Amino acid sequence: MHTIDDEHSFENSDEMRNPIDKNSLLTALRTVQDRRTRRQSRSVGTSPVAIEPPKDAHETQVTWYRYGPKGYAVETARPGTHDGELLWIDICGLKDHLAIAELAGGVGLSELAIADLFHLDQRAHTDFDGDLVLTVLRMPVSGPPFVADQITLLLGPDFVLTLREGPRDCFEGVRKRLAGGAGRIRGSSAYLFYALIDAIIDTYFPILERYGDLVEGLEERILQEPGDGVVRDIHLLKRELLDLRHALWPVREALAALQRDDTPQVDESLLPYLRDCSDHAFQLLDMVEVYRETAQGLVDLQLSSISNRMNEVMKVLTMIATVFIPMTFIAGLYGMNFDRASPYNLPELGWRFGYAYALGLMVASAGAMTFLFWRLGWIFRRVRRSSEDDR
């Protein structure tokens, strides 16, 4: 997205930038359901403020970005003072849950909100905890197959905190803009909060383009050579698109909550940018819905292709049977044993060339039927069309 005062681009992974191999993607879609990790469910009866980190959590790494109109610094330890400066606290990995809880509590987050930080199956939403704004989004890291990590963004008066479950993110462009100091990104924590949300939303676009290429590849495959495995690939694609829809649909409400008039944490000058983010979210949803409808149409196209192919086979078999009908009639007629002495029986039975005559009559009838089918356009269509084009 391009704002009115600065331009930025997002560095996507090689998987997102490189051309896709549709066959390998379909193979990945077939196996992803078996190896896709299930989210850890909350234990029944536990306290709502109990912290339950995931069992396979990554090591916790905290990076502190100090920035302001006149300076920018990156530190791995908590800075002593930051008078007049703003902070971006980037937390990666949830293994050290005690340190994360202490840090979140130190910035004013409630116990219930701290416990929710470790629940990785949340839908996108925006909550308000006193003077803090907490937004949870799904950040795509690959696709297809679609894989997304949960990321939590916390906006305070002079800081932004981001919590992500894995080392992958889409914030490299934001870091470069912070280091460069161009535009408004060093002016307020709210603008950095918006820039991070915008980076997450824009990361969906290259992934959806890849799904569009996959839909087109399936369509070409159906038209050229429909097979039994295509239906399974289509249903896997529809399931992937449903996962994308589940990740994107609640984003509208999360962004709408930030644009309300009773949200003093968000400056009024940021509302146009947030509305632009909402437009991008709606555009992504429209793309997902179009691909889902197209995928449903591919099922109908597959069934129609198989039906047409079956009709072609049945037509060929019917024409072959039709060609042999008069030949069978002639063979049956001359195969009857009648007394040749009767003047009312077949005279060809005693003729020297009767056998050759019967065979020639069969060949002539078969040729006449074949010529009739050709004139009606039922057979040799391509040959007839090419000859007409030559003329």
# chains A, B, ... in the order shown; residues from 1 in each chain; ligands from 1
call {"tool": "residues_around", "arguments": {"residues": "Thr135 of chain A", "least_positions_apart": "6", "cutoff": "8 Å", "atoms": "only C-alpha atoms", "output": "ChimeraX atom specification"}}
result
/A:124-127,152-154,254
call {"tool": "residues_around", "arguments": {"residues": "Ser305 of chain A", "least_positions_apart": "5", "cutoff": "8 Å", "atoms": "only C-alpha atoms", "output": "ChimeraX atom specification"}}
result
/A:222-223,226
call {"tool": "residues_around", "arguments": {"residues": "Tyr67 of chain A", "least_positions_apart": "6", "cutoff": "7 Å", "atoms": "only C-alpha atoms", "output": "VMD selection string"}}
result
chain A and resid 73 85 to 87 186
call {"tool": "write_last_selection", "arguments": {"atoms": "N, CA and C atoms", "output": "compact mmCIF listing (two decimals), in the first residue's frame"}}
result
# COMPACT_ATOMS: atom_id res chain seq x y z
N ALA A 73 17.38 2.98 17.38
CA ALA A 73 18.35 2.02 17.91
C ALA A 73 17.64 0.69 18.15
N GLU A 85 11.46 9.12 23.67
CA GLU A 85 11.52 8.15 22.60
C GLU A 85 10.36 7.17 22.70
N LEU A 86 10.07 6.54 21.59
CA LEU A 86 9.02 5.53 21.52
C LEU A 86 9.65 4.15 21.45
N LEU A 87 8.89 3.15 21.84
CA LEU A 87 9.40 1.78 21.88
C LEU A 87 8.54 0.87 21.03
N ARG A 186 8.03 7.47 12.48
CA ARG A 186 8.70 7.75 13.76
C ARG A 186 7.94 8.77 14.59
